[in-house]
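This is my_file.txt. It holds compact mmCIF, C-alpha atoms and all ligand atoms.
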```
# COMPACT_ATOMS: atom_id res chain seq x y z
CA ARG P 1 22.69 -1.65 1.02
CA ILE P 2 22.48 -2.90 4.60
CA VAL P 3 19.40 -5.00 5.31
CA TYR P 4 18.01 -6.49 8.49
CA VAL P 5 17.32 -10.18 8.81
CA ASN P 6 16.44 -11.97 12.05
CA GLY P 7 18.53 -10.02 14.50
CA GLU P 8 21.35 -8.95 12.18
CA PHE P 9 22.22 -5.95 10.10
CA VAL P 10 24.12 -7.30 7.09
CA PRO P 11 25.04 -6.31 3.52
CA GLU P 12 22.19 -7.44 1.26
CA GLU P 13 24.35 -10.09 -0.46
CA ASP P 14 24.96 -11.79 2.89
CA ALA P 15 21.31 -11.83 4.02
CA LYS P 16 19.84 -15.32 4.18
CA VAL P 17 16.46 -16.88 4.89
CA SER P 18 15.62 -20.59 4.95
CA VAL P 19 14.19 -22.34 1.85
CA PHE P 20 11.73 -23.85 4.35
CA ASP P 21 10.41 -20.44 5.35
CA ARG P 22 6.61 -20.55 5.21
CA GLY P 23 6.58 -17.11 3.65
CA PHE P 24 8.39 -18.65 0.70
CA MET P 25 6.21 -21.81 0.45
CA PHE P 26 2.74 -20.62 1.50
CA ALA P 27 2.92 -16.82 1.32
CA ASP P 28 2.46 -17.24 5.08
CA GLY P 29 3.64 -13.76 5.86
CA VAL P 30 2.52 -10.16 6.27
CA TYR P 31 4.21 -6.89 5.42
CA GLU P 32 4.14 -3.13 5.73
CA VAL P 33 5.61 -0.32 3.66
CA SER P 34 6.27 3.07 5.25
CA SER P 35 7.65 6.09 3.48
CA VAL P 36 10.63 8.10 4.65
CA ILE P 37 11.07 11.82 4.08
CA ARG P 38 14.19 13.64 5.21
CA GLY P 39 15.15 10.53 7.13
CA LYS P 40 11.85 10.55 9.03
CA LEU P 41 9.21 7.80 9.03
CA ILE P 42 5.77 8.94 7.86
CA ASP P 43 2.58 7.77 9.61
CA ASN P 44 4.53 4.81 10.97
CA GLU P 45 2.39 4.25 14.04
CA GLY P 46 -0.58 3.36 11.82
CA HIS P 47 1.53 0.85 9.92
CA MET P 48 2.66 -0.74 13.19
CA VAL P 49 -0.92 -1.05 14.43
CA ARG P 50 -2.02 -2.64 11.13
CA LEU P 51 0.98 -5.03 11.23
CA GLN P 52 -0.18 -6.25 14.66
CA ARG P 53 -3.70 -6.67 13.34
CA SER P 54 -2.53 -8.66 10.29
CA MET P 55 -0.50 -10.97 12.56
CA ASN P 56 -3.41 -11.38 14.98
CA GLU P 57 -5.83 -12.31 12.18
CA LEU P 58 -3.42 -15.08 11.15
CA ASP P 59 -2.46 -16.23 14.69
CA MET P 60 1.10 -15.36 13.84
CA PRO P 61 3.39 -14.65 16.79
CA ALA P 62 5.20 -11.32 16.66
CA PRO P 63 8.98 -11.63 16.16
CA ALA P 64 9.54 -8.35 18.00
CA THR P 65 7.61 -5.60 19.75
CA ASN P 66 6.54 -2.51 17.82
CA GLU P 67 9.16 -0.51 19.71
CA GLU P 68 11.88 -2.96 18.69
CA ILE P 69 10.73 -2.91 15.06
CA GLU P 70 10.71 0.86 15.04
CA ALA P 71 14.25 0.92 16.46
CA ILE P 72 15.34 -1.42 13.61
CA GLN P 73 13.66 0.85 11.04
CA LYS P 74 15.51 3.87 12.41
CA GLN P 75 18.82 2.01 12.51
CA LEU P 76 18.39 0.95 8.86
CA ILE P 77 17.55 4.49 7.77
CA GLU P 78 20.77 5.58 9.45
CA ASN P 79 22.91 2.69 8.13
CA ASN P 80 21.77 3.36 4.58
CA ASP P 81 21.80 7.12 4.91
CA LEU P 82 18.26 7.15 3.55
CA ASP P 83 16.91 10.64 3.03
CA GLU P 84 13.83 9.88 0.94
CA GLY P 85 12.26 6.56 0.01
CA LEU P 86 10.55 3.69 1.70
CA ILE P 87 11.15 1.00 4.24
CA TYR P 88 9.75 -2.48 3.72
CA LEU P 89 9.17 -4.90 6.56
CA GLN P 90 8.02 -8.48 6.41
CA VAL P 91 7.08 -10.97 9.08
CA THR P 92 6.63 -14.62 8.15
CA ARG P 93 5.76 -17.63 10.26
CA GLY P 94 9.33 -18.79 9.65
CA PRO P 95 10.89 -22.13 8.67
CA ALA P 96 9.13 -25.47 9.26
CA ASP P 97 8.71 -28.81 7.46
CA ARG P 98 6.16 -28.35 4.70
CA ASP P 99 2.73 -28.83 6.21
CA PHE P 100 -0.46 -26.82 5.64
CA ALA P 101 -1.05 -26.75 9.40
CA TYR P 102 0.84 -24.05 11.26
CA PRO P 103 3.89 -25.34 13.21
CA LYS P 104 3.28 -25.74 16.95
CA GLU P 105 6.34 -23.71 17.84
CA PRO P 106 6.82 -21.21 15.07
CA LYS P 107 10.00 -19.16 14.84
CA PRO P 108 8.75 -16.11 12.97
CA SER P 109 11.23 -14.31 10.79
CA LEU P 110 11.60 -10.60 10.40
CA VAL P 111 13.17 -8.93 7.38
CA LEU P 112 13.50 -5.22 6.64
CA PHE P 113 15.12 -3.23 3.87
CA THR P 114 15.14 0.32 2.56
CA GLN P 115 14.63 1.55 -0.98
CA LYS P 116 15.46 5.01 -2.33
CA LYS P 117 12.57 6.73 -4.11
CA ASN P 118 11.49 10.29 -4.84
CA VAL P 119 8.24 10.25 -2.94
CA ILE P 120 7.64 14.01 -2.88
CA ASP P 121 9.07 15.27 -6.16
CA ASN P 122 7.71 12.36 -8.10
CA PRO P 123 7.26 13.47 -11.75
CA ILE P 124 4.00 11.50 -12.07
CA ALA P 125 2.49 13.74 -9.40
CA GLU P 126 2.32 16.36 -12.16
CA THR P 127 1.10 14.16 -15.00
CA GLY P 128 -1.08 11.68 -13.13
CA ILE P 129 -1.46 8.01 -14.00
CA SER P 130 -3.67 5.96 -16.31
CA VAL P 131 -5.50 2.86 -15.10
CA ILE P 132 -7.53 0.08 -16.64
CA THR P 133 -10.24 -1.81 -14.80
CA VAL P 134 -9.76 -5.57 -14.38
CA GLU P 135 -11.64 -8.25 -12.50
CA ASP P 136 -10.63 -8.53 -8.85
CA ILE P 137 -9.55 -12.17 -8.56
CA ARG P 138 -7.95 -11.85 -5.11
CA TRP P 139 -8.98 -13.84 -2.04
CA ALA P 140 -11.69 -12.76 0.41
CA ARG P 141 -9.45 -11.37 3.21
CA ARG P 142 -7.87 -8.39 1.53
CA ASP P 143 -7.93 -6.54 4.84
CA ILE P 144 -4.92 -8.66 5.90
CA LYS P 145 -1.75 -7.32 4.34
CA THR P 146 -0.24 -10.65 3.30
CA VAL P 147 2.67 -11.23 0.92
CA GLY P 148 0.33 -13.29 -1.32
CA LEU P 149 0.47 -10.68 -4.08
CA LEU P 150 0.33 -12.63 -7.33
CA ALA P 151 -3.17 -11.42 -8.29
CA PRO P 152 -2.17 -7.72 -8.10
CA CYS P 153 1.05 -8.56 -9.99
CA MET P 154 -1.08 -10.08 -12.75
CA ALA P 155 -3.38 -7.05 -12.76
CA LYS P 156 -0.37 -4.73 -13.01
CA MET P 157 0.97 -6.71 -15.97
CA GLN P 158 -2.42 -6.55 -17.69
CA ALA P 159 -2.32 -2.79 -17.22
CA LYS P 160 1.20 -2.55 -18.65
CA ALA P 161 0.24 -4.72 -21.64
CA ALA P 162 -2.64 -2.29 -22.30
CA GLY P 163 -0.24 0.68 -22.12
CA ALA P 164 -1.61 1.86 -18.75
CA ASP P 165 0.22 2.48 -15.47
CA ASP P 166 -1.93 0.52 -13.07
CA ALA P 167 -5.14 -1.46 -12.60
CA TRP P 168 -8.31 -0.76 -10.65
CA LEU P 169 -9.87 -3.98 -9.45
CA VAL P 170 -13.58 -4.60 -9.93
CA GLU P 171 -15.86 -6.98 -8.08
CA ASP P 172 -19.59 -7.33 -8.87
CA GLY P 173 -19.42 -4.18 -10.98
CA SER P 174 -17.90 -2.02 -8.21
CA VAL P 175 -14.31 -0.85 -7.84
CA THR P 176 -12.64 -2.36 -4.78
CA GLU P 177 -9.23 -0.62 -4.91
CA GLY P 178 -6.08 -0.25 -7.00
CA SER P 179 -3.53 -3.05 -7.33
CA SER P 180 -1.53 -1.55 -4.44
CA ASN P 181 -3.45 1.58 -3.45
CA ASN P 182 -6.90 2.78 -2.46
CA ALA P 183 -9.12 4.21 -5.20
CA TYR P 184 -11.31 7.35 -5.20
CA ILE P 185 -13.41 9.39 -7.56
CA VAL P 186 -14.72 12.92 -7.19
CA THR P 187 -18.24 13.39 -8.54
CA LYS P 188 -19.24 16.41 -10.62
CA ASP P 189 -20.77 17.99 -7.49
CA GLY P 190 -17.42 17.68 -5.67
CA THR P 191 -18.10 14.69 -3.43
CA ILE P 192 -15.16 12.38 -2.73
CA VAL P 193 -16.27 8.79 -3.13
CA THR P 194 -14.31 5.74 -2.00
CA ARG P 195 -15.28 2.22 -1.05
CA TYR P 196 -16.03 1.57 2.62
CA VAL P 197 -13.53 -0.62 4.45
CA GLY P 198 -14.23 -4.26 5.25
CA ASN P 199 -12.74 -7.59 4.17
CA GLN P 200 -12.79 -6.58 0.50
CA ILE P 201 -10.06 -3.93 0.63
CA LEU P 202 -6.98 -3.00 2.58
CA ASN P 203 -7.71 -0.34 5.17
CA GLY P 204 -5.06 2.10 3.95
CA ILE P 205 -3.11 4.13 6.45
CA THR P 206 -2.83 6.93 3.88
CA ARG P 207 -6.56 6.55 3.17
CA ARG P 208 -7.36 7.25 6.80
CA ALA P 209 -5.05 10.27 6.96
CA VAL P 210 -6.29 11.72 3.66
CA LEU P 211 -9.98 11.27 4.54
CA ALA P 212 -9.35 12.99 7.89
CA LEU P 213 -7.68 15.90 6.07
CA ALA P 214 -10.53 16.07 3.56
CA LYS P 215 -13.04 16.18 6.41
CA GLU P 216 -11.07 18.90 8.15
CA HIS P 217 -11.21 20.96 4.97
CA ASP P 218 -14.98 20.46 4.62
CA TYR P 219 -15.05 18.20 1.60
CA ASN P 220 -18.08 15.99 1.22
CA ILE P 221 -17.12 12.33 1.60
CA GLU P 222 -19.12 9.23 0.77
CA GLU P 223 -17.76 5.81 1.70
CA ARG P 224 -19.78 3.55 -0.56
CA LEU P 225 -19.65 1.27 -3.58
CA PHE P 226 -18.99 2.96 -6.90
CA SER P 227 -19.28 1.45 -10.35
CA VAL P 228 -16.96 1.54 -13.34
CA GLU P 229 -19.58 3.64 -15.21
CA GLU P 230 -19.50 6.17 -12.39
CA CYS P 231 -15.72 6.37 -12.80
CA TYR P 232 -16.06 7.30 -16.47
CA GLU P 233 -18.43 10.15 -15.48
CA ALA P 234 -16.26 11.42 -12.63
CA ALA P 235 -14.80 14.92 -12.47
CA GLU P 236 -11.61 13.51 -10.98
CA ALA P 237 -10.05 10.28 -9.83
CA PHE P 238 -7.08 9.53 -7.61
CA VAL P 239 -5.33 6.88 -5.54
CA THR P 240 -3.57 6.88 -2.17
CA SER P 241 -0.81 4.75 -0.68
CA ALA P 242 2.20 5.10 1.58
CA THR P 243 4.52 5.36 -1.41
CA MET P 244 2.34 7.41 -3.78
CA PHE P 245 0.68 9.68 -1.20
CA VAL P 246 -2.15 11.15 -3.31
CA GLN P 247 -1.79 10.55 -7.02
CA GLY P 248 -4.16 11.82 -9.69
CA VAL P 249 -5.70 9.31 -12.12
CA VAL P 250 -6.24 10.97 -15.49
CA LYS P 251 -7.40 8.09 -17.66
CA ILE P 252 -9.61 5.09 -16.91
CA ASP P 253 -9.96 2.39 -19.58
CA GLY P 254 -8.68 4.86 -22.17
CA LYS P 255 -11.29 7.50 -21.25
CA GLN P 256 -9.97 10.86 -20.16
CA ILE P 257 -11.03 12.00 -16.68
CA GLY P 258 -11.54 15.74 -16.18
CA ASP P 259 -9.13 17.76 -18.29
CA GLY P 260 -6.56 14.97 -18.42
CA LYS P 261 -4.45 16.37 -15.58
CA PRO P 262 -4.58 15.63 -11.84
CA GLY P 263 -7.67 17.45 -10.58
CA PRO P 264 -7.91 20.25 -7.99
CA VAL P 265 -9.18 18.01 -5.18
CA ALA P 266 -6.40 15.45 -5.66
CA LYS P 267 -3.82 18.23 -5.83
CA LYS P 268 -5.09 19.92 -2.68
CA LEU P 269 -5.23 16.65 -0.75
CA ARG P 270 -1.68 15.82 -1.85
CA GLU P 271 -0.55 19.24 -0.64
CA TYR P 272 -2.28 18.81 2.73
CA TYR P 273 -0.80 15.35 3.14
CA VAL P 274 2.77 16.38 2.32
CA GLU P 275 2.43 19.41 4.58
CA MET P 276 1.27 17.19 7.43
CA ALA P 277 4.01 14.61 6.79
CA LEU P 278 6.88 17.11 6.82
N1 LIG V 301 0.46 -1.08 -0.78
N2 LIG V 301 -4.58 -1.31 -1.05
C1 LIG V 301 -3.66 -2.24 -1.34
C2 LIG V 301 -4.10 -3.50 -2.00
C3 LIG V 301 -2.31 -2.02 -1.01
O1 LIG V 301 -1.40 -2.95 -1.28
C4 LIG V 301 -1.94 -0.79 -0.40
C5 LIG V 301 -0.53 -0.49 0.00
C6 LIG V 301 -2.95 0.16 -0.14
C7 LIG V 301 -2.66 1.48 0.53
O2 LIG V 301 -2.37 1.33 1.89
P1 LIG V 301 -1.42 2.35 2.65
O3 LIG V 301 -2.00 3.69 2.48
O4 LIG V 301 -1.46 1.89 4.06
O5 LIG V 301 -0.05 2.22 2.01
C8 LIG V 301 -4.26 -0.14 -0.46
C9 LIG V 301 1.87 -0.91 -0.47
C10 LIG V 301 2.32 0.51 -0.56
C11 LIG V 301 2.69 -1.85 -1.33
O6 LIG V 301 2.25 -2.98 -1.47
O7 LIG V 301 3.75 -1.46 -1.82
```
Spell out the structure here as structure tokens.
Amino acid sequence: RIVYVNGEFVPEEDAKVSVFDRGFMFADGVYEVSSVIRGKLIDNEGHMVRLQRSMNELDMPAPATNEEIEAIQKQLIENNDLDEGLIYLQVTRGPADRDFAYPKEPKPSLVLFTQKKNVIDNPIAETGISVITVEDIRWARRDIKTVGLLAPCMAKMQAKAAGADDAWLVEDGSVTEGSSNNAYIVTKDGTIVTRYVGNQILNGITRRAVLALAKEHDYNIEERLFSVEECYEAAEAFVTSATMFVQGVVKIDGKQIGDGKPGPVAKKLREYYVEMAL
């Protein structure tokens, strides 16, 4: 695999970053994941806008313009002959002597790589996933897409230990989001419910696209808090992310949701999304 690191396209085994990189020491870095279908980037503009926002919120200088980053993404897709999968990009504040204060003259680093994945014909799109609810122990600025991801890693491992696929995170009795996706339920009267955006969740690019499609197709949408109890009563549940698109959730804390298969709303929204992306 050819990866990109600070101005160079190199085989992955030759790619190097400094041990003093602040991304490595302080998780002082932000990232984006975009999906690729038939060699084409999906919803990439939204990811670029959010990348800028994440950097702004952290006073992190941009290592390249959005146009330059997009050119690198396209070059990597070509170099790796990537038909379907994802492209990961990470910006860190770069190397500096270890100090909690930001360096005066940061040299931000930029790393990108591709990963093959069946994003459309993903077998779990048919079966759906199971989740458990766990306490949301993350920090208070989840709207910034930082590489500080240990809390969601721990949540994911808790889920795996419980025999589930993923975790839904819960704060003050309400679901915030999934470990790496936005969370939704559909009530028995057909209303799509998902938490409103703010500092408590990541403002998903797929979330925005899917809610716009739902609106277009006259679904009722409520952006509000929803409790774990409400999840157990739901007709359907699903998650969205750049790599999962729309994925049905068929079990929450061991309780079957709907008929145990991805529900009609989740299926329709997935269809609309894939149609739009292609
Ligand atoms: N995760 N919420 C969290 C906490 C996330 O990490 C993600 C994305 C999302 C969905 O955002 P989007 O629709 O823009 O992908 C919501 C990526 C895919 C990841 O960490 O791999």
Kindly provide, as an mmCIF file with C-alpha atoms, keeping the file's coordinate frame, all nucleotide and amino acid residues lying within 9 Å of ligand LIG 301 (chain V), counting all atoms listed in the file.
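For reference, pocket_8.cif as written:
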```
data_model
loop_
_atom_site.group_PDB
_atom_site.id
_atom_site.type_symbol
_atom_site.label_atom_id
_atom_site.label_comp_id
_atom_site.auth_asym_id
_atom_site.auth_seq_id
_atom_site.Cartn_x
_atom_site.Cartn_y
_atom_site.Cartn_z
ATOM 1 C CA TYR P 31 4.210 -6.890 5.420
ATOM 2 C CA GLU P 32 4.140 -3.130 5.730
ATOM 3 C CA VAL P 33 5.610 -0.320 3.660
ATOM 4 C CA SER P 34 6.270 3.070 5.250
ATOM 5 C CA SER P 35 7.650 6.090 3.480
ATOM 6 C CA GLY P 46 -0.580 3.360 11.820
ATOM 7 C CA HIS P 47 1.530 0.850 9.920
ATOM 8 C CA ARG P 50 -2.020 -2.640 11.130
ATOM 9 C CA TYR P 88 9.750 -2.480 3.720
ATOM 10 C CA ARG P 142 -7.870 -8.390 1.530
ATOM 11 C CA ASP P 143 -7.930 -6.540 4.840
ATOM 12 C CA LYS P 145 -1.750 -7.320 4.340
ATOM 13 C CA VAL P 147 2.670 -11.230 0.920
ATOM 14 C CA LEU P 149 0.470 -10.680 -4.080
ATOM 15 C CA PRO P 152 -2.170 -7.720 -8.100
ATOM 16 C CA THR P 176 -12.640 -2.360 -4.780
ATOM 17 C CA GLU P 177 -9.230 -0.620 -4.910
ATOM 18 C CA GLY P 178 -6.080 -0.250 -7.000
ATOM 19 C CA SER P 179 -3.530 -3.050 -7.330
ATOM 20 C CA SER P 180 -1.530 -1.550 -4.440
ATOM 21 C CA ASN P 181 -3.450 1.580 -3.450
ATOM 22 C CA ASN P 182 -6.900 2.780 -2.460
ATOM 23 C CA ALA P 183 -9.120 4.210 -5.200
ATOM 24 C CA ILE P 201 -10.060 -3.930 0.630
ATOM 25 C CA LEU P 202 -6.980 -3.000 2.580
ATOM 26 C CA ASN P 203 -7.710 -0.340 5.170
ATOM 27 C CA GLY P 204 -5.060 2.100 3.950
ATOM 28 C CA ILE P 205 -3.110 4.130 6.450
ATOM 29 C CA THR P 206 -2.830 6.930 3.880
ATOM 30 C CA ARG P 207 -6.560 6.550 3.170
ATOM 31 C CA ARG P 208 -7.360 7.250 6.800
ATOM 32 C CA ALA P 209 -5.050 10.270 6.960
ATOM 33 C CA VAL P 239 -5.330 6.880 -5.540
ATOM 34 C CA THR P 240 -3.570 6.880 -2.170
ATOM 35 C CA SER P 241 -0.810 4.750 -0.680
ATOM 36 C CA ALA P 242 2.200 5.100 1.580
ATOM 37 C CA THR P 243 4.520 5.360 -1.410
ATOM 38 C CA MET P 244 2.340 7.410 -3.780
ATOM 39 C CA PHE P 245 0.680 9.680 -1.200
#
```
Length of the CA of Glu222 (chain P) to CA of Gly198 (chain P) vector [Å]: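 Between CA of Glu222 (chain P) and CA of Gly198 (chain P) the gap is 15.0 Å.
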Which residue, P:Lys16, P:Lys156, P:Lys261, P:Lys74, has the smallest gap to Ile42 (chain P) when you use only C-alpha atoms? P:Lys74
Select from region 170-239 of chain P every residue with an atom at most 12 Å from any atom of region 267-274 of chain P, then for each give the shortest pair of atoms and their distance in Å to one decimal, using only C-alpha atoms, rows by chain and rising number, as a tab-separated table.
```
residue	atom	partner	partner_atom	distance
P:Tyr184	CA	P:Leu269	CA	12.0
P:Ile192	CA	P:Leu269	CA	11.0
P:Ile205	CA	P:Tyr273	CA	11.9
P:Thr206	CA	P:Tyr273	CA	8.7
P:Arg207	CA	P:Tyr273	CA	10.5
P:Arg208	CA	P:Tyr273	CA	11.0
P:Ala209	CA	P:Tyr273	CA	7.6
P:Val210	CA	P:Tyr273	CA	6.6
P:Leu211	CA	P:Leu269	CA	8.9
P:Ala212	CA	P:Tyr273	CA	10.1
P:Leu213	CA	P:Tyr272	CA	7.0
P:Ala214	CA	P:Leu269	CA	6.9
P:Lys215	CA	P:Leu269	CA	10.6
P:Glu216	CA	P:Tyr272	CA	10.3
P:His217	CA	P:Leu269	CA	9.3
P:Asp218	CA	P:Leu269	CA	11.8
P:Tyr219	CA	P:Leu269	CA	10.2
P:Glu236	CA	P:Lys267	CA	10.5
P:Ala237	CA	P:Lys267	CA	10.9
P:Phe238	CA	P:Lys267	CA	9.5
P:Val239	CA	P:Arg270	CA	10.3
```
Restricting the calculation to all atoms listed in the file, which member of P:Gly163, P:Ala277, P:Asn66, P:Asp28 is positioned closest to Ile252 (chain P)? P:Gly163
List the spatial neighbours of Ala235 (chain P) as a compact mmCIF listing (two decimals) with C-alpha atoms, in the frame of the given file - criterion: any atom at most 7 Å away, all atoms listed in the file, same-chain residues fewer than 2 positions off excluded.
```txt
# COMPACT_ATOMS: atom_id res chain seq x y z
CA VAL P 186 -14.72 12.92 -7.19
CA THR P 187 -18.24 13.39 -8.54
CA LYS P 188 -19.24 16.41 -10.62
CA GLU P 233 -18.43 10.15 -15.48
CA ILE P 257 -11.03 12.00 -16.68
CA GLY P 258 -11.54 15.74 -16.18
```
Can you list, as a VMD selection string, every protein, DNA or RNA residue that comes within 9 Å of region 108-118 of chain P when you count all atoms listed in the file, leaving out same-chain residues fewer than 3 positions away? chain P and resid 1 to 7 12 17 21 23 60 to 64 72 to 73 76 to 77 80 82 to 95 121 to 123 243
Spatial neighbours of Phe26 (chain P), max dist 9 Å, all atoms listed in the file, sep filter under 4 positions, as an MDAnalysis selection string: chainID P and resid 21:22 100 148
Pick from P:Ile221, P:Ala71, P:Ile144, P:Cys231 nearest to Leu51 (chain P), counting all atoms listed in the file: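 Between P:Ile221, P:Ala71, P:Ile144, P:Cys231, the residue approaching Leu51 (chain P) most closely is P:Ile144.
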Which residue is closest to Asp259 (chain P)? Choose from P:Gly173, P:Gly128, P:Gly29, P:Gly190 and count only C-alpha atoms.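 Ranked by minimum distance to Asp259 (chain P), first place goes to P:Gly128.
Minimum atom-to-atom distances from P:Ala27, P:Ile132, P:Phe226, P:Ala140 to Ala161 (chain P) were compared using only C-alpha atoms, and the lowest value belongs to P:Ile132.
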Select, from P:Ala151, P:Met25, P:Ala125, P:Ile69, the residue with the minimum atom-to-atom distance to Asn44 (chain P), counting all atoms listed in the file.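 Smallest separation from Asn44 (chain P) among the options: P:Ile69.
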Coordinates-based distance that separates CA of Thr146 (chain P) from CA of Ala101 (chain P) (Å, one decimal):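 That distance, rounded to one decimal, is 17.2 Å.
In this model, the gap between CA of Tyr102 (chain P) and CA of Ser54 (chain P) comes to 15.8 Å.
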Please determine an axis-aligned box that encloses all atoms of region 111-115 of chain P listed in the file, with 4 Å added on each side, and express its centre and edge lengths in Å to one decimal as JSON.
```
{"center_x": 14.2, "center_y": -3.7, "center_z": 3.2, "size_x": 10.0, "size_y": 18.5, "size_z": 16.4}
```
